[in-house]
>>> print(open('input35.cif').read())   # mmCIF, C-alpha atoms
data_coords
loop_
_atom_site.label_atom_id
_atom_site.label_comp_id
_atom_site.auth_asym_id
_atom_site.auth_seq_id
_atom_site.Cartn_x
_atom_site.Cartn_y
_atom_site.Cartn_z
CA MET Y 1 91.62 158.19 -113.54
CA LYS Y 2 95.13 157.13 -112.77
CA ILE Y 3 96.21 157.20 -109.17
CA ARG Y 4 99.85 156.93 -108.48
CA ARG Y 5 101.00 154.98 -105.54
CA PRO Y 6 103.53 156.78 -103.42
CA PRO Y 7 107.00 155.36 -103.99
CA PRO Y 8 107.91 152.86 -101.27
CA ARG Y 9 109.95 154.46 -98.53
CA ALA Y 10 113.47 153.17 -98.06
CA GLU Y 11 113.77 151.31 -94.77
CA ARG Y 12 115.78 153.39 -92.33
CA GLU Y 13 118.46 151.63 -90.37
CA THR Y 14 117.59 151.45 -86.75
CA VAL Y 15 119.83 153.45 -84.44
CA VAL Y 16 118.54 151.80 -81.29
CA ALA Y 17 121.44 149.33 -81.20
CA LEU Y 18 123.93 152.19 -81.58
CA VAL Y 19 122.29 154.05 -78.72
CA ASP Y 20 122.50 150.94 -76.55
CA VAL Y 21 126.19 150.39 -77.26
CA THR Y 22 127.03 154.05 -76.70
CA PHE Y 23 125.11 154.06 -73.46
CA PHE Y 24 126.93 150.99 -72.19
CA LEU Y 25 130.29 152.53 -73.10
CA LEU Y 26 129.32 155.77 -71.36
CA VAL Y 27 128.33 154.00 -68.16
CA PHE Y 28 131.48 151.84 -68.30
CA PHE Y 29 133.82 154.81 -68.58
CA MET Y 30 131.93 156.72 -65.90
CA MET Y 31 132.27 153.82 -63.47
CA VAL Y 32 135.82 152.77 -64.25
CA GLY Y 33 137.46 156.17 -64.48
CA ARG Y 34 138.34 158.65 -61.77
CA LEU Y 35 137.99 162.36 -62.31
CA ASP Y 36 141.08 163.36 -60.36
CA ALA Y 37 143.07 166.39 -61.25
CA THR Y 38 146.32 165.26 -62.82
CA ALA Y 39 149.61 166.83 -61.86
CA PRO Y 40 151.30 169.17 -64.34
CA PHE Y 41 154.49 167.09 -63.99
CA ALA Y 42 155.30 163.39 -64.12
CA VAL Y 43 154.45 161.55 -60.90
CA LEU Y 44 155.12 157.84 -60.46
CA PRO Y 45 153.58 156.84 -57.13
CA PRO Y 46 155.46 154.40 -54.86
CA ARG Y 47 154.45 150.76 -54.88
CA ALA Y 48 152.85 149.20 -51.82
CA GLU Y 49 151.01 145.95 -51.26
CA THR Y 50 149.20 146.90 -48.08
CA GLY Y 51 147.53 150.12 -49.23
CA THR Y 52 143.84 150.66 -48.66
CA ASP Y 53 141.29 151.95 -51.15
CA LEU Y 54 141.72 155.59 -52.01
CA PRO Y 55 138.49 157.47 -51.32
CA GLY Y 56 137.41 160.38 -53.48
CA GLY Y 57 136.98 163.97 -52.39
CA GLY Y 58 139.36 166.14 -50.44
CA ALA Y 59 142.46 167.80 -51.83
CA THR Y 60 145.28 166.29 -53.85
CA LEU Y 61 148.75 167.68 -53.30
CA SER Y 62 151.11 166.46 -56.01
CA VAL Y 63 154.84 166.48 -55.34
CA ALA Y 64 157.42 166.11 -58.09
CA GLU Y 65 160.78 164.41 -57.68
CA ASP Y 66 162.44 167.83 -57.33
CA GLY Y 67 159.93 168.98 -54.69
CA ALA Y 68 157.69 171.07 -56.99
CA LEU Y 69 154.11 171.25 -55.70
CA ALA Y 70 150.71 171.24 -57.38
CA LEU Y 71 147.37 171.53 -55.63
CA ASP Y 72 144.50 169.79 -57.47
CA GLY Y 73 146.43 169.95 -60.73
CA ALA Y 74 147.46 173.63 -60.54
CA PRO Y 75 151.11 174.47 -59.76
CA VAL Y 76 151.52 176.25 -56.41
CA ALA Y 77 154.57 177.73 -54.71
CA GLY Y 78 153.58 176.82 -51.14
CA LEU Y 79 150.79 175.49 -48.99
CA ASP Y 80 149.13 178.88 -48.41
CA GLU Y 81 146.20 178.08 -50.69
CA LEU Y 82 145.48 174.95 -48.68
CA ALA Y 83 145.21 176.78 -45.33
CA PRO Y 84 141.62 178.08 -45.74
CA ARG Y 85 140.45 174.67 -46.96
CA ILE Y 86 141.98 172.94 -43.94
CA ALA Y 87 140.52 175.60 -41.61
CA ALA Y 88 137.07 175.03 -43.12
CA LYS Y 89 137.25 171.23 -42.97
CA PRO Y 90 140.08 169.89 -40.78
CA ALA Y 91 138.95 166.26 -41.12
CA GLY Y 92 138.96 166.39 -44.93
CA LEU Y 93 141.38 164.00 -46.57
CA ILE Y 94 144.55 165.45 -48.06
CA ARG Y 95 146.24 163.08 -50.50
CA ILE Y 96 149.95 163.46 -51.09
CA ASN Y 97 150.54 162.17 -54.58
CA ALA Y 98 154.32 162.14 -54.59
CA ASP Y 99 156.84 160.59 -56.93
CA GLN Y 100 158.52 157.47 -55.56
CA ALA Y 101 161.94 159.14 -55.86
CA THR Y 102 160.98 162.25 -53.86
CA PRO Y 103 163.26 162.53 -50.80
CA VAL Y 104 161.56 161.61 -47.54
CA ARG Y 105 162.61 164.92 -45.97
CA VAL Y 106 160.34 166.76 -48.45
CA ILE Y 107 157.36 164.52 -47.69
CA LEU Y 108 157.78 164.54 -43.90
CA GLY Y 109 158.27 168.31 -43.99
CA LEU Y 110 154.99 168.66 -45.87
CA VAL Y 111 153.15 166.35 -43.45
CA ASN Y 112 154.51 168.35 -40.49
CA ARG Y 113 153.39 171.62 -42.02
CA LEU Y 114 149.96 170.19 -42.83
CA GLU Y 115 149.63 168.99 -39.24
CA ALA Y 116 150.65 172.43 -37.97
CA MET Y 117 147.95 173.94 -40.19
CA GLY Y 118 145.38 171.72 -38.46
CA ALA Y 119 144.98 168.88 -40.98
CA GLU Y 120 143.81 165.65 -39.33
CA ASN Y 121 143.79 163.23 -42.22
CA VAL Y 122 146.74 162.98 -44.59
CA ALA Y 123 147.46 159.99 -46.81
CA ILE Y 124 150.21 159.06 -49.24
CA VAL Y 125 148.98 157.81 -52.62
CA VAL Y 126 150.52 154.47 -53.57
CA SER Y 127 150.09 152.06 -56.42
CA PRO Y 128 149.37 148.36 -55.82
CA GLU Y 129 150.92 147.40 -59.15
CA VAL Y 130 154.44 147.50 -60.50
CA SER Y 131 154.47 150.76 -62.41
CA ALA Y 132 156.39 151.16 -65.61
CA PRO Y 133 159.37 153.52 -65.33
CA MET G 1 80.55 156.97 -110.65
CA ALA G 2 82.23 158.01 -107.47
CA ILE G 3 85.40 156.46 -106.27
CA ALA G 4 86.18 156.76 -102.62
CA LEU G 5 89.86 157.47 -102.22
CA ARG G 6 91.08 156.85 -98.77
CA ARG G 7 93.91 158.95 -97.52
CA PRO G 8 96.62 157.02 -95.80
CA PRO G 9 96.49 157.58 -92.05
CA PRO G 10 98.93 160.31 -91.00
CA ARG G 11 102.22 158.89 -89.74
CA ARG G 12 102.99 159.49 -86.12
CA LEU G 13 106.08 161.59 -85.82
CA GLY G 14 108.59 159.87 -83.55
CA VAL G 15 110.92 161.82 -81.31
CA SER G 16 114.26 162.10 -83.05
CA VAL G 17 117.04 160.29 -81.20
CA VAL G 18 119.80 161.87 -83.26
CA SER G 19 120.36 164.74 -80.83
CA MET G 20 120.41 162.30 -77.91
CA ILE G 21 123.11 160.25 -79.65
CA ASP G 22 125.10 163.44 -80.20
CA VAL G 23 124.93 164.35 -76.53
CA MET G 24 125.82 160.81 -75.45
CA MET G 25 128.79 160.71 -77.81
CA ILE G 26 130.09 164.00 -76.41
CA LEU G 27 129.67 162.70 -72.84
CA LEU G 28 131.40 159.46 -73.81
CA PHE G 29 134.41 161.25 -75.30
CA PHE G 30 134.53 163.57 -72.27
CA PHE G 31 134.71 160.69 -69.79
CA MET G 32 137.15 158.74 -71.96
CA ILE G 33 139.56 161.65 -72.20
CA THR G 34 139.33 163.24 -68.76
CA SER G 35 139.29 160.13 -66.59
CA SER G 36 142.40 158.46 -65.26
CA TYR G 37 142.42 154.70 -65.09
CA LEU G 38 145.24 154.14 -62.60
CA ASN G 39 144.50 151.76 -59.81
CA LEU G 40 145.60 153.77 -56.79
CA ASP G 41 145.60 153.01 -53.07
CA MET G 42 146.72 155.00 -50.06
CA VAL G 43 148.70 154.57 -46.87
CA PRO G 44 147.89 156.89 -43.98
CA ALA G 45 150.54 159.49 -43.20
CA LEU G 46 148.68 161.40 -40.50
CA GLU G 47 145.62 160.22 -38.63
CA LYS G 48 143.95 161.66 -35.61
CA SER G 49 143.68 158.39 -33.74
CA GLU G 50 141.87 157.67 -30.50
CA ALA G 51 145.04 156.37 -28.84
CA ARG G 52 146.78 159.69 -29.31
CA LEU G 53 144.06 161.48 -27.43
CA GLU G 54 144.02 159.03 -24.55
CA GLY G 55 147.38 160.12 -23.26
CA ALA G 56 149.55 157.24 -22.13
CA ALA G 57 149.28 154.56 -24.78
CA PRO G 58 149.01 150.90 -23.74
CA GLY G 59 152.27 149.02 -23.70
CA ALA G 60 154.24 152.17 -22.97
CA GLY G 61 156.81 150.22 -20.98
CA LEU G 62 157.84 148.05 -23.92
CA ALA G 63 161.03 148.82 -25.81
CA PRO G 64 160.11 150.04 -29.30
CA LEU G 65 161.58 148.46 -32.38
CA LEU G 66 163.49 150.95 -34.51
CA ILE G 67 163.83 150.34 -38.25
CA ARG G 68 166.18 152.59 -40.15
CA VAL G 69 165.72 153.36 -43.84
CA SER G 70 168.94 154.50 -45.47
CA ALA G 71 169.37 156.66 -48.54
CA ASP G 72 169.60 153.61 -50.81
CA SER G 73 166.23 152.33 -49.48
CA SER G 74 167.82 149.47 -47.53
CA LEU G 75 166.31 148.61 -44.15
CA SER G 76 168.35 147.96 -41.03
CA VAL G 77 167.49 147.00 -37.47
CA GLN G 78 170.10 147.40 -34.73
CA GLY G 79 172.81 147.99 -37.32
CA GLN G 80 171.97 144.86 -39.25
CA LYS G 81 170.84 145.22 -42.85
CA LEU G 82 167.71 143.24 -43.62
CA SER G 83 165.70 142.55 -46.72
CA PRO G 84 162.04 143.62 -46.52
CA ALA G 85 161.00 139.97 -46.10
CA ASP G 86 163.50 139.42 -43.24
CA CYS G 87 162.38 142.68 -41.67
CA GLU G 88 158.77 141.53 -41.86
CA ALA G 89 159.69 138.21 -40.23
CA MET G 90 161.59 139.97 -37.48
CA VAL G 91 158.76 142.38 -36.71
CA ALA G 92 156.32 139.46 -36.71
CA ARG G 93 158.55 137.61 -34.19
CA ARG G 94 158.73 140.66 -31.92
CA LEU G 95 154.98 141.15 -32.14
CA ALA G 96 154.41 137.48 -31.27
CA GLU G 97 156.42 138.01 -28.07
CA ALA G 98 154.88 141.39 -27.25
CA PRO G 99 151.87 142.33 -29.39
CA LEU G 100 151.84 145.95 -28.22
CA THR G 101 155.39 146.69 -29.32
CA GLU G 102 155.64 150.04 -31.01
CA VAL G 103 157.47 150.07 -34.32
CA LEU G 104 159.39 153.23 -35.15
CA ILE G 105 160.53 153.85 -38.71
CA PHE G 106 163.42 156.27 -38.93
CA PRO G 107 164.11 157.17 -42.57
CA SER G 108 167.16 159.07 -43.71
CA GLY G 109 166.15 162.46 -45.08
CA ALA G 110 167.72 161.55 -48.40
CA ALA G 111 165.88 158.23 -48.68
CA PRO G 112 163.35 158.11 -51.53
CA LEU G 113 159.67 157.86 -50.65
CA GLN G 114 159.67 154.32 -52.06
CA GLY G 115 162.09 153.29 -49.28
CA LEU G 116 159.78 154.60 -46.57
CA VAL G 117 156.74 152.95 -48.18
CA LEU G 118 158.73 149.70 -48.45
CA ALA G 119 159.39 149.76 -44.69
CA MET G 120 155.76 150.65 -43.90
CA ASP G 121 154.61 147.86 -46.19
CA ALA G 122 156.83 145.27 -44.47
CA VAL G 123 155.74 146.38 -41.00
CA THR G 124 152.05 146.36 -41.94
CA ARG G 125 152.36 142.90 -43.49
CA ALA G 126 153.88 141.70 -40.22
CA GLY G 127 150.72 142.84 -38.46
CA ALA G 128 152.01 145.87 -36.56
CA THR G 129 149.33 148.34 -35.61
CA ARG G 130 151.37 150.84 -33.64
CA VAL G 131 153.69 152.33 -36.24
CA LYS G 132 155.27 155.74 -36.17
CA VAL G 133 157.60 157.53 -38.55
CA ILE G 134 160.16 159.69 -36.81
CA ARG G 135 162.48 162.34 -38.11
CA ILE G 136 165.03 164.70 -36.64
CA GLU G 137 164.18 168.38 -36.89
CA ALA G 138 167.06 170.40 -38.30
CA GLN G 139 168.16 173.22 -36.04
CA PRO G 140 168.45 176.56 -37.86
#
>>> encode(input="input35.cif", output="structure tokens")
Amino acid sequence: MKIRRPPPRAERETVVALVDVTFFLLVFFMMVGRLDATAPFAVLPPRAETGTDLPGGGATLSVAEDGALALDGAPVAGLDELAPRIAAKPAGLIRINADQATPVRVILGLVNRLEAMGAENVAIVVSPEVSAP
Amino acid sequence: MAIALRRPPPRRLGVSVVSMIDVMMILLFFFMITSSYLNLDMVPALEKSEARLEGAAPGAGLAPLLIRVSADSSLSVQGQKLSPADCEAMVARRLAEAPLTEVLIFPSGAAPLQGLVLAMDAVTRAGATRVKVIRIEAQP
């Protein structure tokens, strides 16, 4: 009686190393990146050496050079949408992410209106590095 | 004659990692594409500070130091144009004489935000802690 041996199985390449590398990359990008809403227009923040670390959370109000506004990445006409959020959490941080060429009168006007709406914590986003034009 | 044929022991089925790799790859691409990698800081524009609530601030009798920011982002103190480094040195000198001196930054409405941040940067580097930005309200 002739008994056939099963053909030897081809050695499968191990995927463990690939999983390790992918996992490291995943963790790296999760830690290094920020999940902020980006403005629908170009914003080049002003440069400052004495800025402090920008905490997460709160609302981001983007201001274009021509004064156009965007709240958390969505274009808005005014600050009306921000009013209920400020009323619910007055101490929440509101970041003004404005272009470095935006006239000061626009920014100070916004800060005044935010203060009138009850906001207690407003910050201007700056960049510690020389940004490319 | 009997021949005992042993069956090979059944292989243990391992959990497939292919689907896990798929999910991890999708997560990886998601974080790579949606994240922003700008190094950003902040300068406070409005803070509810303790001193404001106390009423009369300490050092109220001292003459404040007014720094103007013109439309071309240049800084001037008492009509004299100063570079940011000179401005910093001057504020530092004033603060050495009277540490509670209040520094007022008065930007032109047409000045770019970078000009205002430049002035705030110089004043902060000089060690000033009582800094205010003032503006004139337009009358309708």
>>> residues_near_point(input="input35.cif", point="(149.2, 170.8, -46.3)", cutoff="12 Å", atoms="only C-alpha atoms", output="ChimeraX atom specification")
/Y:58-63,69-71,76,78-87,90,92-96,107-123 /G:45-46
>>> atom_distance(input="input35.cif", atom1="CA of Thr124 (chain G)", atom2="CA of Thr50 (chain Y)")
6.8 Å
>>> closest_atom_pairs(input="input35.cif", of="region 15-119 of chain G", to="region 26-38 of chain Y", cutoff="10 Å", atoms="all atoms listed in the file", output="JSON lines")
{"residue": "G:Met24", "atom": "CA", "partner": "Y:Leu26", "partner_atom": "CA", "distance": 7.4}
{"residue": "G:Met25", "atom": "CA", "partner": "Y:Leu26", "partner_atom": "CA", "distance": 8.1}
{"residue": "G:Ile26", "atom": "CA", "partner": "Y:Leu26", "partner_atom": "CA", "distance": 9.7}
{"residue": "G:Leu27", "atom": "CA", "partner": "Y:Leu26", "partner_atom": "CA", "distance": 7.1}
{"residue": "G:Leu28", "atom": "CA", "partner": "Y:Leu26", "partner_atom": "CA", "distance": 4.9}
{"residue": "G:Phe29", "atom": "CA", "partner": "Y:Leu26", "partner_atom": "CA", "distance": 8.5}
{"residue": "G:Phe30", "atom": "CA", "partner": "Y:Leu26", "partner_atom": "CA", "distance": 9.4}
{"residue": "G:Phe31", "atom": "CA", "partner": "Y:Phe29", "partner_atom": "CA", "distance": 6.1}
{"residue": "G:Met32", "atom": "CA", "partner": "Y:Phe29", "partner_atom": "CA", "distance": 6.2}
{"residue": "G:Ile33", "atom": "CA", "partner": "Y:Phe29", "partner_atom": "CA", "distance": 9.6}
{"residue": "G:Thr34", "atom": "CA", "partner": "Y:Leu35", "partner_atom": "CA", "distance": 6.6}
{"residue": "G:Ser35", "atom": "CA", "partner": "Y:Gly33", "partner_atom": "CA", "distance": 4.8}
{"residue": "G:Ser36", "atom": "CA", "partner": "Y:Arg34", "partner_atom": "CA", "distance": 5.4}
{"residue": "G:Tyr37", "atom": "CA", "partner": "Y:Gly33", "partner_atom": "CA", "distance": 5.2}
{"residue": "G:Leu38", "atom": "CA", "partner": "Y:Gly33", "partner_atom": "CA", "distance": 8.3}
{"residue": "G:Asn39", "atom": "CA", "partner": "Y:Arg34", "partner_atom": "CA", "distance": 9.4}
>>> closest_residue(input="input35.cif", among="G:Val18, G:Ala119, G:Leu82, G:Met42", to="chain Y", atoms="all atoms listed in the file")
G:Met42
>>> resolve_selection(input="input35.cif", expression="the PyMOL selection byres ((chain G and resi 88) around 9)", output="count of residues only")
18
>>> atom_distance(input="input35.cif", atom1="CA of Arg9 (chain Y)", atom2="CA of Arg11 (chain G)")
12.5 Å
>>> closest_residue(input="input35.cif", among="Y:Gly56, Y:Val19, Y:Gly73, Y:Ala68", to="chain G", atoms="only C-alpha atoms")
Y:Val19
>>> resolve_selection(input="input35.cif", expression="the PyMOL selection byres ((chain G and resi 129) around 10)", output="list in words")
Leu95, Pro99, Leu100, Thr101, Glu102, Val103, Val123, Thr124, Ala126, Gly127, Ala128, Arg130, Val131 and Lys132 of chain G
>>> write_last_selection(input="input35.cif", atoms="C-alpha atoms", output="mmCIF file, keeping the file's coordinate frame")
data_model
loop_
_atom_site.group_PDB
_atom_site.id
_atom_site.type_symbol
_atom_site.label_atom_id
_atom_site.label_comp_id
_atom_site.auth_asym_id
_atom_site.auth_seq_id
_atom_site.Cartn_x
_atom_site.Cartn_y
_atom_site.Cartn_z
ATOM 1 C CA LEU G 95 154.980 141.150 -32.140
ATOM 2 C CA PRO G 99 151.870 142.330 -29.390
ATOM 3 C CA LEU G 100 151.840 145.950 -28.220
ATOM 4 C CA THR G 101 155.390 146.690 -29.320
ATOM 5 C CA GLU G 102 155.640 150.040 -31.010
ATOM 6 C CA VAL G 103 157.470 150.070 -34.320
ATOM 7 C CA VAL G 123 155.740 146.380 -41.000
ATOM 8 C CA THR G 124 152.050 146.360 -41.940
ATOM 9 C CA ALA G 126 153.880 141.700 -40.220
ATOM 10 C CA GLY G 127 150.720 142.840 -38.460
ATOM 11 C CA ALA G 128 152.010 145.870 -36.560
ATOM 12 C CA ARG G 130 151.370 150.840 -33.640
ATOM 13 C CA VAL G 131 153.690 152.330 -36.240
ATOM 14 C CA LYS G 132 155.270 155.740 -36.170
#
